[in-house]
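A short worksheet on the structure shown next.
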Amino acid sequence: MIVGNRKPLEEIQEMIKPYKKILILGCRECITVCAAGGEREVAVLASELKLSRTKEGREIEIKEFTLERQCDYEYIDQIKPFVDEYEAVVSMACGAGIQYTAERFPQKIVLPAINTTFLGVTLEQGVWSERCQGCGDCVLHLTGGICPVARCAKSLFNGPCGGSSNGKCEVNKDTDCAWQLIVDRLKTLGQLDRYEDIIPAKDWKPSREGGPRVRIREDLRLD
Amino acid sequence: MTQSNIERLLEKGVFVVTSECGPPKGADAEAVRKKGSLLKGVVDAVNVTDNQTSVVRMSSFASCLILKEMGFDPILQMVCRDRNRIAIQSDILGAAAHGINNILCLSGDHQSFGDHPGGKNVFDIDSMQLIQTVRTMRDEGRLIGGEEVKGRPNLFIGAAENPFADPFEIRAMRLGKKVKAGCQFLQTQCIYNLEKFGKWMEMVRERGLHEKCAILAGVTPLKSAGMARYMKTSVPGMDVPDELIDRLKGVPKEKQAEEGIKICVEMIQQLKEVPGVRGVHIMAIEWEEKVAEIAKAAGLSPRPEA
Amino acid sequence: MRLSYPTNVKIIKVPCTGRVDAVTVLKSFESGVDGVYLAGCEIGDCHFIKGNIRAKKRVVYMKELLKEVGLEPERVEMYHIATSDGPRFAQVAKEMTEKIRALGPSPVRGPEKTEEAKEVFEA
């Protein structure tokens, strides 16, 4: 899933300073699962903003609304009937959702309440961890199912570097060394011979060819 | 064959001595010359670090040129942290054009350790791929992108390895990959644990890597028991045995530096006896004035004519 | 036992303190309370096994939220009181009331409620 963090209240307060009527827009997809921008977090933010505004002695009217998804027009359009009643939309979706909401309502101020951080998994309740950077050219079959791009601090394709110590990364003692994990997994799979092969310089084109990447399935298109 | 002094000496079977020079945090060429003068006649080649520990310093390339003017055979260190493949290959061509004969290919310390932790790292290629790149440019006259190189960079290719990092079992295997990629000489992380280094060398010899690649053993003199303890606990992948720390603690504070030098000299003498070790790389961190003393005491001077 | 406790404490019954989330507590501050405390069972005595432990962790999170807003984190607290322990219940009610009285009225009561508060706090 896409994982994000809610921005600090102070930053959001600063963004909404000029406004008296705002719509806080949550998303029920990934950002709900990682407990950053779902219905509950929308309620918490609304409440925090109301309390701090009351404290300042400045009024604010807040509508809370959470969409099924903010990455599809069909859902974003659900706010069409009432969005104009609000001076600004504070979106609690991931960066994609925030942009798509802004794109759908070009006249509307749409503000981000989430810092989108990574593509990851739930390690345990309340703990998420990065697994993928969407480089566009997966090498997991070569590296024992562990991604060197996302999980090695230096994205080394032929690690580990000299800083790997007791299975941990030199950058952070709490972070596993991705290459220790890769070597261990290759051993488990009986594929350590693969480690002997040099992985050549990566073609980053699928990742940064230029501009946003687009995926098309012609068979599904309606026109 | 390249024009490299250490390649020539290694070919002749000479036990080589290298040291390093960390460029200054400023545009002061005199600072480079000053450090260089401390190593004059003491070493066969001098490494010039590339923004080591991710702290901004005068570029390795530029500092190499200053040392070259002084008559040194500098080893250009190059990390993958700060440049993409375009910049890296361009710098390789430029360095070779200026008569630099050696390159040391490194991944580079992570930027979070340095003075610009907010900077974005590059790591477009890694050290292994950098070795491959230099080799292909030199031997096949081709760039990564396939374009032909007119005027091949004739560089003696080196790399670094940390025999004490984990996972230990694949460390020699990893060196094997570097050798396969084109690595001709190797400088190790500083050695304090001779026993573990011996085990690593055993694995290196089993694979016959010492014959394809000259292993230069790294040493760093300890200034005090405090420094030894710091290296042990705070420098990742560093193996400092307790006996060594105890030995330093056993002498009065003002004598610890002297003891540290003694330990370093003894270490070099023992390393000379390890089969497959063909030279020593003395890294006296901000203590360059001691390199001459260490080399002399270890019976490594004078050096053969460059 | 006929124990008395301060009349300003309003009790909201929940099946378990594990039921109380941050939104509920923030909403009560919005409605003008000066403090909130959760009276859960003793650790190890939760009928739902971990409800009171979860509540305890949530109170830590709520304190963070209050800090962000600029309210004193001490305005929300977690207590563990055995169901049968009437005297302790009354004692906690007094303790919390005194603590909140010392902090003064909540700065987010809104103007009219602040007038009301004066009477309570100056009494």
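Letters A, B, ... mark the chains of the structure tokens in the order given; residue numbers begin at 1 per chain; ligand numbers begin at 1, in order shown.
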Quiz prompt | Check: which chain C residues lie within 10 Å of chain A using only C-alpha atoms, as a ChimeraX atom specification | solution = /C:21-32,62,65-66,68-71,106-111
Quiz prompt | chain A contacts on chain B, only C-alpha atoms, 7 Å, as number ranges by chain | solution = B: 110, 123, 125-126, 128-129, 161-162, 165-167, 173, 177, 236-237
Quiz item: What separation in Å, quoted to one decimal, exists between CA of Glu103 (chain A) and CA of Cys132 (chain A)?
Solution: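 We find that CA of Glu103 (chain A) and CA of Cys132 (chain A) lie 26.5 Å from each other.
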Exercise. Tell me, as a list in words, which residues lie within 12 Å of Lys25 (chain B), counting only C-alpha atoms; anything in the same chain fewer than 6 positions away does not count.
Key: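 Here the qualifying residues turn out to be Ala31, Val32, Asp50, Asn51, Gln52, Ser54, Val55, Val56, Arg57, Met58, Ser59, Ser60, Ser63 and Asp115 of chain B.
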Those selected residues, please, written with N, CA, C and O atoms and delivered as a compact mmCIF listing (two decimals), in the first residue's frame.
# COMPACT_ATOMS: atom_id res chain seq x y z
N ALA B 31 47.50 23.74 1.40
CA ALA B 31 47.18 22.70 2.39
C ALA B 31 47.44 21.32 1.79
O ALA B 31 47.91 20.41 2.48
N VAL B 32 47.11 21.16 0.51
CA VAL B 32 47.35 19.87 -0.16
C VAL B 32 48.85 19.64 -0.26
O VAL B 32 49.35 18.55 0.04
N ASP B 50 37.67 11.20 -1.83
CA ASP B 50 36.60 11.88 -2.55
C ASP B 50 35.48 12.23 -1.56
O ASP B 50 34.62 11.43 -1.29
N ASN B 51 35.57 13.44 -1.03
CA ASN B 51 34.57 13.90 -0.05
C ASN B 51 34.28 12.82 1.00
O ASN B 51 33.14 12.41 1.20
N GLN B 52 35.34 12.37 1.65
CA GLN B 52 35.20 11.24 2.58
C GLN B 52 34.26 11.58 3.72
O GLN B 52 34.15 12.74 4.12
N SER B 54 31.34 11.89 3.49
CA SER B 54 30.31 12.80 2.94
C SER B 54 30.44 14.24 3.41
O SER B 54 29.44 14.95 3.53
N VAL B 55 31.67 14.63 3.71
CA VAL B 55 31.92 16.03 4.08
C VAL B 55 32.52 16.72 2.84
O VAL B 55 33.41 16.19 2.21
N VAL B 56 31.99 17.91 2.53
CA VAL B 56 32.47 18.61 1.34
C VAL B 56 33.91 19.06 1.53
O VAL B 56 34.25 19.71 2.52
N ARG B 57 34.75 18.67 0.57
CA ARG B 57 36.16 19.06 0.56
C ARG B 57 36.55 19.38 -0.87
O ARG B 57 35.78 19.14 -1.79
N MET B 58 37.77 19.87 -1.03
CA MET B 58 38.27 20.10 -2.38
C MET B 58 38.17 18.78 -3.16
O MET B 58 38.39 17.70 -2.59
N SER B 59 37.84 18.87 -4.45
CA SER B 59 37.59 17.63 -5.19
C SER B 59 38.84 16.78 -5.28
O SER B 59 39.97 17.29 -5.30
N SER B 60 38.63 15.48 -5.33
CA SER B 60 39.72 14.53 -5.41
C SER B 60 40.53 14.78 -6.68
O SER B 60 41.76 14.80 -6.66
N SER B 63 42.72 17.88 -6.34
CA SER B 63 43.81 17.66 -5.40
C SER B 63 44.84 16.71 -5.99
O SER B 63 46.04 16.85 -5.75
N ASP B 115 28.27 16.52 6.26
CA ASP B 115 27.83 17.87 6.62
C ASP B 115 26.64 18.34 5.77
O ASP B 115 26.18 19.47 5.92
Practice problem: Pull the strand (DSSP E) assignments for chain A out of DSSP run on the backbone, and list those residues as a PyMOL selection string. | Solution: chain A and resi 2-6+21-27+61-67+88-91+109-112+114-124+127-132
Exercise. Mind checking which residues fall within 7 Å of region 7-9 of chain C, counting only C-alpha atoms, ignoring those fewer than 2 positions away in the same chain, and posting them as a PyMOL selection string?
Key: chain C and resi 5+11+93
Practice problem: Between CA of Leu38 (chain C) and CA of Thr17 (chain C), measure the distance and give it in Å to one decimal. | Solution: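 Computing it gives 6.6 Å between the two atoms.
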Practice problem: Could you tell me, as a list in words, which residues of region 61-101 of chain C DSSP assigns to alpha helix (DSSP H) when given the backbone? | Solution: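 Output for region 61-101 of chain C, alpha helix (DSSP H) only: Tyr61, Met62, Lys63, Glu64, Leu65, Leu66, Lys67, Glu68, Val69, Gly86, Pro87, Arg88, Phe89, Ala90, Gln91, Val92, Ala93, Lys94, Glu95, Met96, Thr97, Glu98, Lys99, Ile100 and Arg101 of chain C.
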Quiz item: Which residues come within 10 Å of Ile86 (chain B), counting only C-alpha atoms, excluding same-chain residues fewer than 6 positions away, as a ChimeraX atom specification?
Solution: /B:124,143-145
